[in-house]
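K.L.:
Please find model-v5.csv (CSV, C-alpha atoms and all ligand atoms) on the next line:
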```
chain,number,residue,atom,x,y,z
F,22,MET,CA,46.9,103.7,36.3
F,23,THR,CA,47.0,100.4,38.1
F,24,SER,CA,44.9,100.5,41.2
F,25,PRO,CA,46.9,100.5,44.5
F,26,HIS,CA,44.6,97.7,45.6
F,27,GLU,CA,45.5,95.5,42.8
F,28,ASP,CA,46.2,91.9,43.8
F,29,PRO,CA,50.1,91.5,44.0
F,30,ASP,CA,49.9,88.1,42.2
F,31,VAL,CA,48.0,89.8,39.4
F,32,LEU,CA,50.5,92.6,39.2
F,33,ALA,CA,53.4,90.2,39.2
F,34,HIS,CA,51.8,88.2,36.4
F,35,SER,CA,51.5,91.4,34.2
F,36,GLN,CA,55.1,92.3,35.0
F,37,ARG,CA,56.3,88.9,33.8
F,38,LEU,CA,54.4,89.5,30.5
F,39,GLN,CA,55.8,93.0,30.2
F,40,ALA,CA,59.3,91.7,30.8
F,41,LEU,CA,58.8,89.2,28.0
F,42,ILE,CA,57.6,91.9,25.6
F,43,ARG,CA,60.5,94.2,26.5
F,44,ASP,CA,62.9,91.4,25.8
F,45,GLU,CA,61.3,90.9,22.4
F,46,ILE,CA,61.5,94.6,21.6
F,47,ARG,CA,65.2,94.7,22.5
F,48,ALA,CA,65.9,91.6,20.5
F,49,ALA,CA,64.1,93.1,17.5
F,50,GLY,CA,66.4,96.2,17.6
F,51,GLY,CA,64.1,98.5,19.5
F,52,ALA,CA,60.6,98.2,18.2
F,53,ILE,CA,58.0,95.5,17.3
F,54,PRO,CA,54.8,96.1,15.2
F,55,PHE,CA,51.7,96.9,17.3
F,56,SER,CA,50.1,93.7,16.0
F,57,ARG,CA,52.9,91.7,17.6
F,58,PHE,CA,52.5,93.6,20.9
F,59,MET,CA,48.7,92.7,20.8
F,60,GLU,CA,49.5,89.1,20.0
F,61,LEU,CA,51.8,88.8,23.0
F,62,ALA,CA,49.4,90.8,25.3
F,63,LEU,CA,46.5,88.5,24.4
F,64,TYR,CA,48.0,85.2,23.5
F,65,ALA,CA,51.6,84.8,24.9
F,66,PRO,CA,51.6,81.2,26.2
F,67,GLY,CA,50.8,81.1,29.9
F,68,LEU,CA,50.9,84.9,30.2
F,69,GLY,CA,48.6,86.6,27.7
F,70,TYR,CA,45.1,87.8,28.6
F,71,TYR,CA,43.3,84.9,26.8
F,72,SER,CA,46.0,82.3,27.5
F,73,ALA,CA,46.5,82.7,31.2
F,74,GLY,CA,43.0,82.9,32.8
F,75,ALA,CA,42.7,86.6,32.9
F,76,ALA,CA,39.9,86.7,30.3
F,77,LYS,CA,36.8,87.2,32.3
F,78,PHE,CA,33.5,86.8,30.6
F,79,GLY,CA,30.2,87.9,32.1
F,80,ARG,CA,28.9,90.4,34.6
F,81,ASP,CA,31.9,90.0,37.0
F,82,GLY,CA,34.5,90.1,34.3
F,83,ASP,CA,35.8,92.6,31.8
F,84,PHE,CA,33.2,92.3,29.1
F,85,VAL,CA,29.9,90.6,28.3
F,86,THR,CA,29.5,88.8,25.0
F,87,ALA,CA,26.1,87.9,23.5
F,88,PRO,CA,26.3,84.2,24.4
F,89,GLU,CA,27.2,85.1,28.0
F,90,ILE,CA,23.9,86.8,28.8
F,91,GLY,CA,21.7,83.9,28.2
F,92,ALA,CA,20.5,81.2,25.8
F,93,LEU,CA,18.6,83.3,23.3
F,94,PHE,CA,21.6,84.4,21.1
F,95,ALA,CA,23.0,80.9,20.6
F,96,GLU,CA,19.5,79.4,20.1
F,97,CYS,CA,18.8,81.8,17.3
F,98,VAL,CA,22.2,81.0,15.7
F,99,ALA,CA,21.2,77.3,15.9
F,100,GLU,CA,17.9,78.1,14.2
F,101,ALA,CA,19.8,79.9,11.4
F,102,VAL,CA,22.2,77.1,10.7
F,103,ALA,CA,19.9,74.2,11.3
F,104,PRO,CA,18.8,74.0,7.6
F,105,VAL,CA,22.4,73.9,6.5
F,106,LEU,CA,23.2,71.1,8.9
F,107,ARG,CA,20.1,69.1,8.1
F,108,GLY,CA,20.8,69.5,4.4
F,109,ILE,CA,24.3,68.0,4.9
F,110,GLY,CA,22.9,65.2,7.0
F,111,GLU,CA,24.8,62.6,9.1
F,112,GLU,CA,28.3,63.7,8.3
F,113,ALA,CA,27.8,67.4,9.2
F,114,TRP,CA,30.2,69.1,11.6
F,115,PHE,CA,29.8,72.4,13.5
F,116,VAL,CA,33.1,74.2,14.1
F,117,GLU,CA,33.1,77.0,16.6
F,118,LEU,CA,36.0,79.4,16.7
F,119,GLY,CA,37.0,80.9,20.0
F,120,GLY,CA,34.5,79.2,22.4
F,121,GLY,CA,34.8,81.7,25.3
F,122,SER,CA,33.4,80.2,28.5
F,123,GLY,CA,31.6,77.3,26.6
F,124,ARG,CA,28.1,78.8,27.1
F,125,PHE,CA,27.5,79.3,23.4
F,126,ALA,CA,28.3,75.6,22.7
F,127,GLU,CA,26.0,74.5,25.5
F,128,TYR,CA,23.0,76.5,24.3
F,129,ALA,CA,23.6,75.9,20.6
F,130,ILE,CA,23.9,72.1,21.1
F,131,LYS,CA,20.8,71.9,23.2
F,132,ARG,CA,18.8,73.8,20.5
F,133,LEU,CA,20.3,71.8,17.6
F,134,MET,CA,19.2,68.6,19.4
F,135,ALA,CA,15.7,70.0,19.9
F,136,VAL,CA,15.3,70.9,16.3
F,137,ASP,CA,16.8,67.6,15.1
F,138,ALA,CA,19.9,69.2,13.5
F,139,MET,CA,22.6,68.1,15.9
F,140,PRO,CA,25.8,67.5,13.8
F,141,ALA,CA,27.9,64.4,14.1
F,142,ARG,CA,30.7,66.5,15.7
F,143,TYR,CA,30.7,69.8,17.5
F,144,ALA,CA,34.3,71.0,17.4
F,145,ILE,CA,35.8,74.0,19.1
F,146,LEU,CA,38.9,75.6,17.8
F,147,GLU,CA,40.3,77.5,20.8
F,148,PRO,CA,43.9,78.6,20.9
F,149,SER,CA,43.9,79.3,24.6
F,150,ALA,CA,44.6,76.2,26.7
F,151,ASP,CA,43.1,77.9,29.8
F,152,LEU,CA,39.8,78.6,27.9
F,153,ARG,CA,39.7,75.1,26.5
F,154,GLU,CA,39.8,73.7,30.1
F,155,ARG,CA,37.0,76.1,31.2
F,156,GLN,CA,34.9,75.1,28.1
F,157,ARG,CA,35.5,71.4,28.8
F,158,ALA,CA,34.5,71.7,32.5
F,159,HIS,CA,31.4,73.7,31.6
F,160,LEU,CA,30.2,71.3,28.9
F,161,ARG,CA,30.9,68.2,30.9
F,162,GLN,CA,28.6,69.5,33.6
F,163,ARG,CA,25.9,70.7,31.3
F,164,LEU,CA,25.6,68.0,28.7
F,165,THR,CA,24.7,64.3,29.0
F,166,PRO,CA,27.7,62.0,28.5
F,167,PRO,CA,26.7,60.8,25.0
F,168,VAL,CA,26.2,64.4,23.8
F,169,PHE,CA,29.4,65.5,25.5
F,170,ASP,CA,31.2,62.7,23.6
F,171,ARG,CA,30.3,64.4,20.4
F,172,VAL,CA,32.2,67.6,21.4
F,173,GLU,CA,35.9,67.8,20.6
F,174,TRP,CA,38.7,70.4,20.8
F,175,LEU,CA,40.8,71.1,17.8
F,176,ASP,CA,44.5,72.0,17.7
F,177,GLY,CA,44.1,73.7,14.4
F,178,PRO,CA,41.6,74.0,11.5
F,179,VAL,CA,40.1,70.8,10.1
F,180,GLN,CA,42.5,70.0,7.2
F,181,ALA,CA,40.6,66.8,6.1
F,182,ARG,CA,37.6,67.3,3.8
F,183,TRP,CA,34.6,68.3,5.9
F,184,ARG,CA,31.0,69.6,5.4
F,185,GLY,CA,29.1,71.7,7.8
F,186,VAL,CA,29.1,75.1,9.5
F,187,LEU,CA,32.0,77.3,10.7
F,188,PHE,CA,30.9,79.9,13.3
F,189,ALA,CA,32.7,82.7,15.1
F,190,ASN,CA,31.3,85.3,17.5
F,191,GLU,CA,33.7,88.1,18.5
F,192,VAL,CA,36.8,86.3,17.2
F,193,ILE,CA,37.9,88.6,14.4
F,194,ASP,CA,37.8,91.6,16.7
F,195,ALA,CA,40.4,89.7,18.9
F,196,LEU,CA,42.8,89.1,16.0
F,197,PRO,CA,46.1,90.9,16.5
F,198,THR,CA,45.8,93.9,14.2
F,199,PRO,CA,48.4,96.1,12.5
F,200,ARG,CA,47.8,99.8,12.9
F,201,PHE,CA,48.7,102.2,10.1
F,202,ALA,CA,49.3,106.0,10.0
F,203,LEU,CA,49.6,108.4,7.1
F,204,ARG,CA,52.5,110.8,7.2
F,205,GLU,CA,53.1,113.2,4.3
F,206,GLY,CA,51.4,110.8,2.0
F,207,GLU,CA,53.4,107.8,3.0
F,208,VAL,CA,52.0,104.8,4.8
F,209,PHE,CA,53.6,104.0,8.2
F,210,GLU,CA,53.0,101.1,10.6
F,211,GLU,CA,52.6,101.7,14.3
F,212,HIS,CA,55.3,99.9,16.4
F,213,VAL,CA,55.8,99.6,20.1
F,214,ALA,CA,59.2,100.7,21.5
F,215,LEU,CA,60.6,101.5,25.0
F,216,ASP,CA,61.2,104.9,26.5
F,217,ALA,CA,64.2,105.8,28.7
F,218,GLN,CA,62.4,104.3,31.7
F,219,GLY,CA,61.5,101.1,29.9
F,220,ALA,CA,57.8,102.0,29.5
F,221,PHE,CA,56.0,101.1,26.2
F,222,VAL,CA,55.6,103.9,23.7
F,223,CYS,CA,54.2,104.0,20.1
F,224,VAL,CA,56.6,104.9,17.3
F,225,ASP,CA,55.8,104.8,13.5
F,226,ARG,CA,58.0,103.0,11.0
F,227,PRO,CA,57.6,102.8,7.2
F,228,ALA,CA,55.0,100.2,6.5
F,229,ASP,CA,56.0,97.0,4.7
F,230,ALA,CA,54.7,96.3,1.1
F,231,LEU,CA,51.7,94.2,2.2
F,232,LEU,CA,50.3,96.8,4.7
F,233,ALA,CA,51.0,99.7,2.4
F,234,ALA,CA,49.3,98.0,-0.5
F,235,ALA,CA,46.3,97.2,1.7
F,236,VAL,CA,46.0,100.8,2.8
F,237,ARG,CA,46.2,102.0,-0.9
F,238,HIS,CA,43.5,99.5,-1.8
F,239,VAL,CA,41.1,101.0,0.8
F,240,GLU,CA,41.9,104.5,-0.4
F,241,ARG,CA,41.1,103.5,-4.0
F,242,GLN,CA,37.8,101.9,-2.9
F,243,LEU,CA,36.8,105.0,-0.9
F,244,ASP,CA,37.9,107.2,-3.7
F,245,ALA,CA,39.7,109.5,-1.3
F,246,PRO,CA,43.2,109.5,0.2
F,247,PHE,CA,43.5,109.4,3.9
F,248,ALA,CA,44.3,112.8,5.5
F,249,ASP,CA,47.7,113.3,6.9
F,250,GLY,CA,47.8,112.0,10.5
F,251,TYR,CA,45.0,109.5,10.0
F,252,ARG,CA,45.5,106.4,12.0
F,253,SER,CA,43.5,103.2,12.1
F,254,GLU,CA,43.5,99.4,11.9
F,255,LEU,CA,43.6,97.1,9.0
F,256,LEU,CA,44.0,93.3,8.7
F,257,PRO,CA,45.8,92.6,5.4
F,258,GLN,CA,46.0,89.0,6.5
F,259,LEU,CA,42.3,88.5,6.9
F,260,PRO,CA,41.8,86.6,3.5
F,261,TYR,CA,44.6,84.2,4.5
F,262,TRP,CA,43.1,83.8,8.0
F,263,VAL,CA,39.7,83.0,6.6
F,264,GLN,CA,41.2,80.5,4.2
F,265,ALA,CA,43.1,78.9,7.0
F,266,VAL,CA,40.2,78.5,9.4
F,267,ILE,CA,38.0,77.1,6.7
F,268,GLY,CA,40.5,74.3,6.2
F,269,GLY,CA,39.1,71.5,4.1
F,270,LEU,CA,35.4,72.7,4.2
F,271,GLN,CA,33.9,71.4,1.0
F,272,ALA,CA,30.3,72.4,1.4
F,273,GLY,CA,28.4,74.3,4.0
F,274,ALA,CA,28.3,77.7,5.6
F,275,LEU,CA,30.4,80.3,7.4
F,276,LEU,CA,28.8,82.7,9.9
F,277,PHE,CA,30.5,85.5,11.6
F,278,VAL,CA,29.1,87.9,14.2
F,279,ASP,CA,31.1,90.8,15.5
F,280,TYR,CA,31.1,94.5,16.0
F,281,GLY,CA,32.2,96.6,13.1
F,282,HIS,CA,31.2,98.6,10.0
F,283,PRO,CA,31.1,98.5,6.3
F,284,ARG,CA,34.4,99.9,5.0
F,285,ARG,CA,33.0,103.4,4.1
F,286,GLU,CA,31.8,103.8,7.7
F,287,TYR,CA,34.8,102.2,9.3
F,288,TYR,CA,37.3,104.7,7.7
F,289,LEU,CA,35.2,107.9,8.2
F,290,PRO,CA,37.3,111.1,8.5
F,291,GLN,CA,36.0,111.6,12.1
F,292,ARG,CA,37.3,108.1,13.1
F,293,ALA,CA,40.8,109.4,12.6
F,294,GLY,CA,42.2,107.6,15.7
F,295,GLY,CA,40.9,104.1,14.6
F,296,THR,CA,38.7,101.7,16.5
F,297,LEU,CA,41.3,100.0,18.8
F,298,ARG,CA,40.3,99.9,22.4
F,299,ALA,CA,41.0,98.2,25.7
F,300,PHE,CA,38.5,96.8,28.2
F,301,ARG,CA,38.9,96.1,31.8
F,302,ARG,CA,36.1,95.5,34.3
F,303,HIS,CA,33.6,96.8,31.8
F,304,GLN,CA,35.4,100.1,31.4
F,305,LEU,CA,36.9,101.4,28.3
F,306,ARG,CA,40.6,102.1,28.9
F,307,GLU,CA,42.4,104.7,26.9
F,308,ASP,CA,45.9,103.3,27.3
F,309,VAL,CA,46.1,100.2,25.1
F,310,LEU,CA,49.7,99.6,26.1
F,311,ALA,CA,49.0,99.5,29.8
F,312,HIS,CA,48.2,96.5,32.0
F,313,ALA,CA,49.6,94.0,29.5
F,314,GLY,CA,47.8,90.7,30.0
F,315,LEU,CA,45.2,92.2,32.3
F,316,GLN,CA,43.0,94.0,29.8
F,317,ASP,CA,41.3,92.9,26.6
F,318,LEU,CA,42.4,94.6,23.4
F,319,THR,CA,40.0,94.7,20.4
F,320,ALA,CA,39.4,96.4,17.1
F,321,SER,CA,36.2,96.7,15.0
F,322,VAL,CA,35.8,94.5,11.9
F,323,ASP,CA,35.8,95.9,8.4
F,324,PHE,CA,32.8,93.9,7.1
F,325,THR,CA,33.6,94.9,3.5
F,326,ALA,CA,37.0,93.2,4.0
F,327,LEU,CA,35.3,90.2,5.5
F,328,ALA,CA,32.9,90.0,2.4
F,329,GLU,CA,36.0,90.1,0.2
F,330,ALA,CA,37.7,87.4,2.2
F,331,GLY,CA,34.8,85.0,2.3
F,332,THR,CA,34.0,85.3,-1.4
F,333,GLY,CA,37.8,85.2,-2.2
F,334,ALA,CA,37.8,81.8,-0.4
F,335,GLY,CA,35.3,80.5,-2.9
F,336,PHE,CA,32.1,80.9,-1.0
F,337,ASP,CA,28.9,82.7,-2.1
F,338,PHE,CA,28.0,85.8,-0.1
F,339,ALA,CA,24.7,84.8,1.8
F,340,GLY,CA,23.8,87.9,3.7
F,341,TYR,CA,24.7,90.8,6.0
F,342,CYS,CA,22.5,92.5,8.6
F,343,ASN,CA,22.7,93.8,12.1
F,344,GLN,CA,22.4,91.5,15.1
F,345,ALA,CA,18.9,92.7,16.0
F,346,SER,CA,17.6,91.8,12.5
F,347,PHE,CA,19.5,88.6,12.5
F,348,LEU,CA,18.1,87.4,15.8
F,349,ILE,CA,14.5,88.6,15.0
F,350,GLY,CA,14.8,86.9,11.6
F,351,ASN,CA,15.8,83.7,13.2
F,352,GLY,CA,13.1,83.1,15.7
F,353,LEU,CA,13.9,85.5,18.6
F,354,ALA,CA,10.2,86.2,19.4
F,355,GLN,CA,9.4,82.5,19.4
F,356,ARG,CA,12.4,81.6,21.6
F,357,LEU,CA,11.5,84.3,24.0
F,358,ALA,CA,7.8,83.2,24.2
F,359,GLU,CA,8.9,79.6,24.9
F,360,HIS,CA,11.3,80.6,27.7
F,361,GLU,CA,8.7,82.9,29.2
F,362,ALA,CA,6.2,80.1,29.3
F,363,ARG,CA,8.7,78.0,31.3
F,364,ALA,CA,9.9,80.8,33.5
F,365,PRO,CA,9.2,80.2,37.2
F,366,ASP,CA,8.3,83.8,38.1
F,367,GLU,CA,8.0,87.4,37.0
F,368,ALA,CA,11.7,88.1,37.9
F,369,ALA,CA,12.8,85.4,35.5
F,370,ARG,CA,10.4,86.8,32.8
F,371,TYR,CA,11.9,90.3,33.4
F,372,ALA,CA,15.4,88.9,33.0
F,373,LEU,CA,14.5,87.3,29.7
F,374,ARG,CA,13.1,90.6,28.4
F,375,GLN,CA,16.3,92.4,29.5
F,376,GLN,CA,18.3,89.8,27.6
F,377,VAL,CA,16.3,90.6,24.4
F,378,LYS,CA,16.8,94.3,25.0
F,379,THR,CA,20.6,93.9,25.4
F,380,LEU,CA,20.8,91.8,22.3
F,381,THR,CA,18.6,94.0,20.1
F,382,HIS,CA,18.5,97.5,21.3
F,383,PRO,CA,20.3,100.0,19.0
F,384,ASP,CA,22.1,101.5,22.0
F,385,ALA,CA,23.2,98.1,23.3
F,386,MET,CA,24.3,95.3,20.9
F,387,GLY,CA,21.5,95.5,18.3
F,388,GLU,CA,23.2,97.7,15.7
F,389,ARG,CA,26.9,97.7,16.7
F,390,PHE,CA,27.0,94.0,16.2
F,391,GLN,CA,26.4,92.5,12.8
F,392,ALA,CA,26.2,89.1,11.2
F,393,MET,CA,27.6,88.0,7.9
F,394,GLY,CA,27.1,84.6,6.2
F,395,PHE,CA,28.6,82.7,3.3
F,396,ALA,CA,27.6,79.4,1.7
F,397,ARG,CA,28.8,76.9,-0.8
F,398,GLY,CA,26.7,73.9,-1.9
F,399,ALA,CA,24.3,74.7,1.0
F,400,GLU,CA,21.4,77.0,1.7
F,401,PHE,CA,20.9,79.2,4.8
F,402,GLY,CA,17.1,79.2,4.2
F,403,HIS,CA,15.6,82.3,5.6
F,404,ALA,CA,18.5,83.3,7.9
F,405,PHE,CA,19.3,86.6,6.2
F,406,LEU,CA,15.8,87.8,5.1
F,407,ALA,CA,15.4,90.5,7.7
F,408,GLY,CA,17.2,93.9,7.5
F,409,ASP,CA,19.6,93.4,4.6
F,410,LEU,CA,22.6,95.8,4.9
F,411,SER,CA,24.6,94.4,2.0
F,412,TYR,CA,24.0,97.6,0.0
F,413,ARG,CA,26.2,99.4,2.5
F,414,LEU,CA,29.3,97.2,1.9
F,501,LIG,C1,36.2,88.0,22.8
F,501,LIG,S1,36.4,86.3,22.9
F,501,LIG,C2,34.9,85.7,22.4
F,501,LIG,C3,34.5,84.4,22.9
F,501,LIG,C4,33.2,83.8,22.5
F,501,LIG,N1,33.1,83.5,21.1
F,501,LIG,C5,32.0,84.6,23.0
F,501,LIG,O1,31.3,85.2,22.2
F,501,LIG,O2,31.8,84.7,24.2
F,501,LIG,C6,37.6,85.9,21.7
F,501,LIG,C7,37.8,84.4,21.6
F,501,LIG,O3,38.5,84.2,20.3
F,501,LIG,C8,39.6,83.3,20.6
F,501,LIG,N2,40.5,83.4,19.4
F,501,LIG,C9,41.4,84.3,19.2
F,501,LIG,N3,42.1,84.0,18.1
F,501,LIG,C10,41.6,82.9,17.5
F,501,LIG,C11,41.8,82.2,16.3
F,501,LIG,N4,42.8,82.5,15.5
F,501,LIG,N5,41.0,81.1,16.1
F,501,LIG,C12,40.1,80.7,17.0
F,501,LIG,N6,39.8,81.4,18.1
F,501,LIG,C13,40.5,82.5,18.4
F,501,LIG,C14,40.0,83.7,21.9
F,501,LIG,O4,40.9,82.7,22.6
F,501,LIG,C15,38.7,83.8,22.6
F,501,LIG,O5,38.2,82.6,23.0
```
Please lay out the structure from this file as structure tokens.
P.N.:
Amino acid sequence: MTSPHEDPDVLAHSQRLQALIRDEIRAAGGAIPFSRFMELALYAPGLGYYSAGAAKFGRDGDFVTAPEIGALFAECVAEAVAPVLRGIGEEAWFVELGGGSGRFAEYAIKRLMAVDAMPARYAILEPSADLRERQRAHLRQRLTPPVFDRVEWLDGPVQARWRGVLFANEVIDALPTPRFALREGEVFEEHVALDAQGAFVCVDRPADALLAAAVRHVERQLDAPFADGYRSELLPQLPYWVQAVIGGLQAGALLFVDYGHPRREYYLPQRAGGTLRAFRRHQLREDVLAHAGLQDLTASVDFTALAEAGTGAGFDFAGYCNQASFLIGNGLAQRLAEHEARAPDEAARYALRQQVKTLTHPDAMGERFQAMGFARGAEFGHAFLAGDLSYRL
């Protein structure tokens, strides 16, 4: 339920978005696919969660991402991709998808400068105009003018030929996802409709050919049909999305970090309700259709599907491991030691150790989050040597 103490402006904002979604449902003849609902709830221009300034990163917000809790995550990512960028040399670009608050870019750029691997351009592809402004303001304050001048914001993927690194943390989990359900052996797609009072409700409609084929592909791979009533998420468009965001990348690397599972673990019988969830003020919310525009919606990543999409786009699979292994394998201990040596007091050293714990502990982000890399005409070096999980894909 919405809190009675909710700010009236915030409520009015959500109501405007709900009205827009209702109009679209009526115009569509009574129901829209859940993925379209999620797209509007998160990205409707000027109103969606990410487009309108509702998205709150960090301790006072709705969720905390790894780059938000300190510099260590971004610094280790910088260490991992530095050999690729140095190998490419002067013309290298680093393209970050979904830049959040801009903290990742700040920490990564500073580390890339320190290890002599700063690319010619650091480009951020951020669909949300509001987040772009936040990122720009953050980086203008934190970087020197000549370094800030090397940062740019893209309106879409780089279509011209380019070489470098494409990176995304927690972006695939924010892609609007279709939800499927099995009923008497047939594949249905979850839609959102209106009840007599105009509230959002879920209804199932027969799935289109693309979604039905994708569900059957998963069943064949798992060698078992889904049980009747099984409901989950699946991104049939992931291969097209990966191809699109790569754009004209000729040589270099792709690196994705997100929460998720290999396919076999994603579609376990006990996960019969799927992985979709809503977050508001650090709380998991049951009702994904409530508070449109005020809560984050997210689904876990099928890393087997990501491996298929990356290799399908013409890249070599470079590695897959959990976040703890990835960070440890890319200099976490050294980064911690350096920060500790510069820390002004014990409280600062304690905060650094807490940061490491959050990033690596199995009960925090260490195992739930995983990293997957791809390369073409470039080498990651030792980035994926620790904790290989590719046998689980
Ligand atoms: C959960 S936030 C993660 C932000 C940041 N990477 C971090 O780790 O703090 C998801 C981000 O992905 C962005 N995003 C969503 N769809 C995208 C797309 N198709 N391409 C690039 N970014 C996208 C959102 O606007 C948002 O900035």
K.L.:
Would you name the residues within 8 Å of ligand LIG 501 (chain F), counting all atoms listed in the file, and put them as a ChimeraX atom specification?
P.N.:
/F:64,71-72,78,85-89,117-125,146-149,152,189-196,262,266
K.L.:
Can you work out the spacing between atom CA of F:Cys342 and atom CA of F:Glu400 in Å, to one decimal?
P.N.:
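Pair atom CA of F:Cys342 / atom CA of F:Glu400 returns 17.0 Å.
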K.L.:
Of the residues F:Glu112, F:Glu254, F:Glu361, F:Glu286, which is the one nearest to F:Glu211, using only C-alpha atoms?
P.N.:
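Selected residue with least distance to F:Glu211: F:Glu254.
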K.L.:
Name the residues within 10 Å of (36.4, 67.4, 6.3), counting only C-alpha atoms in the file's coordinates, and put them as a VMD selection string.
P.N.:
chain F and resid 112 to 114 178 to 185 267 to 272
K.L.:
Would you compute the distance between atom CA of F:His282 and atom CA of F:Asp323? Give it in Å to one decimal.
P.N.:
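One can read the atom CA of F:His282 to atom CA of F:Asp323 distance as 5.6 Å.
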K.L.:
Looking at F:Thr319, F:Thr325, F:Thr379, F:Ser411, which one is nearest to F:Met59, with distances taken over only C-alpha atoms?
P.N.:
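Closest to F:Met59, using only C-alpha atoms: F:Thr319.
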K.L.:
Can you tell me, as a PyMOL selection string, which residues sit within 7 Å of (46.8, 91.7, 29.5) in the file's frame, using all atoms listed in the file?
P.N.:
chain F and resi 35+62-63+69-70+312-317
K.L.:
Mind giving me the straight-line distance from atom CA of F:Arg356 to atom CA of F:Ala144 in Å, one decimal?
P.N.:
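These two atoms are separated by 24.7 Å.
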K.L.:
Quick one: everything within 12 Å of F:Phe395, counting only C-alpha atoms, minus sequence neighbours fewer than 3 positions away in the same chain. Send it as number ranges by chain.
P.N.:
F: 102, 105, 185-188, 263, 267, 272-277, 327-341, 392, 398-401, 404-405
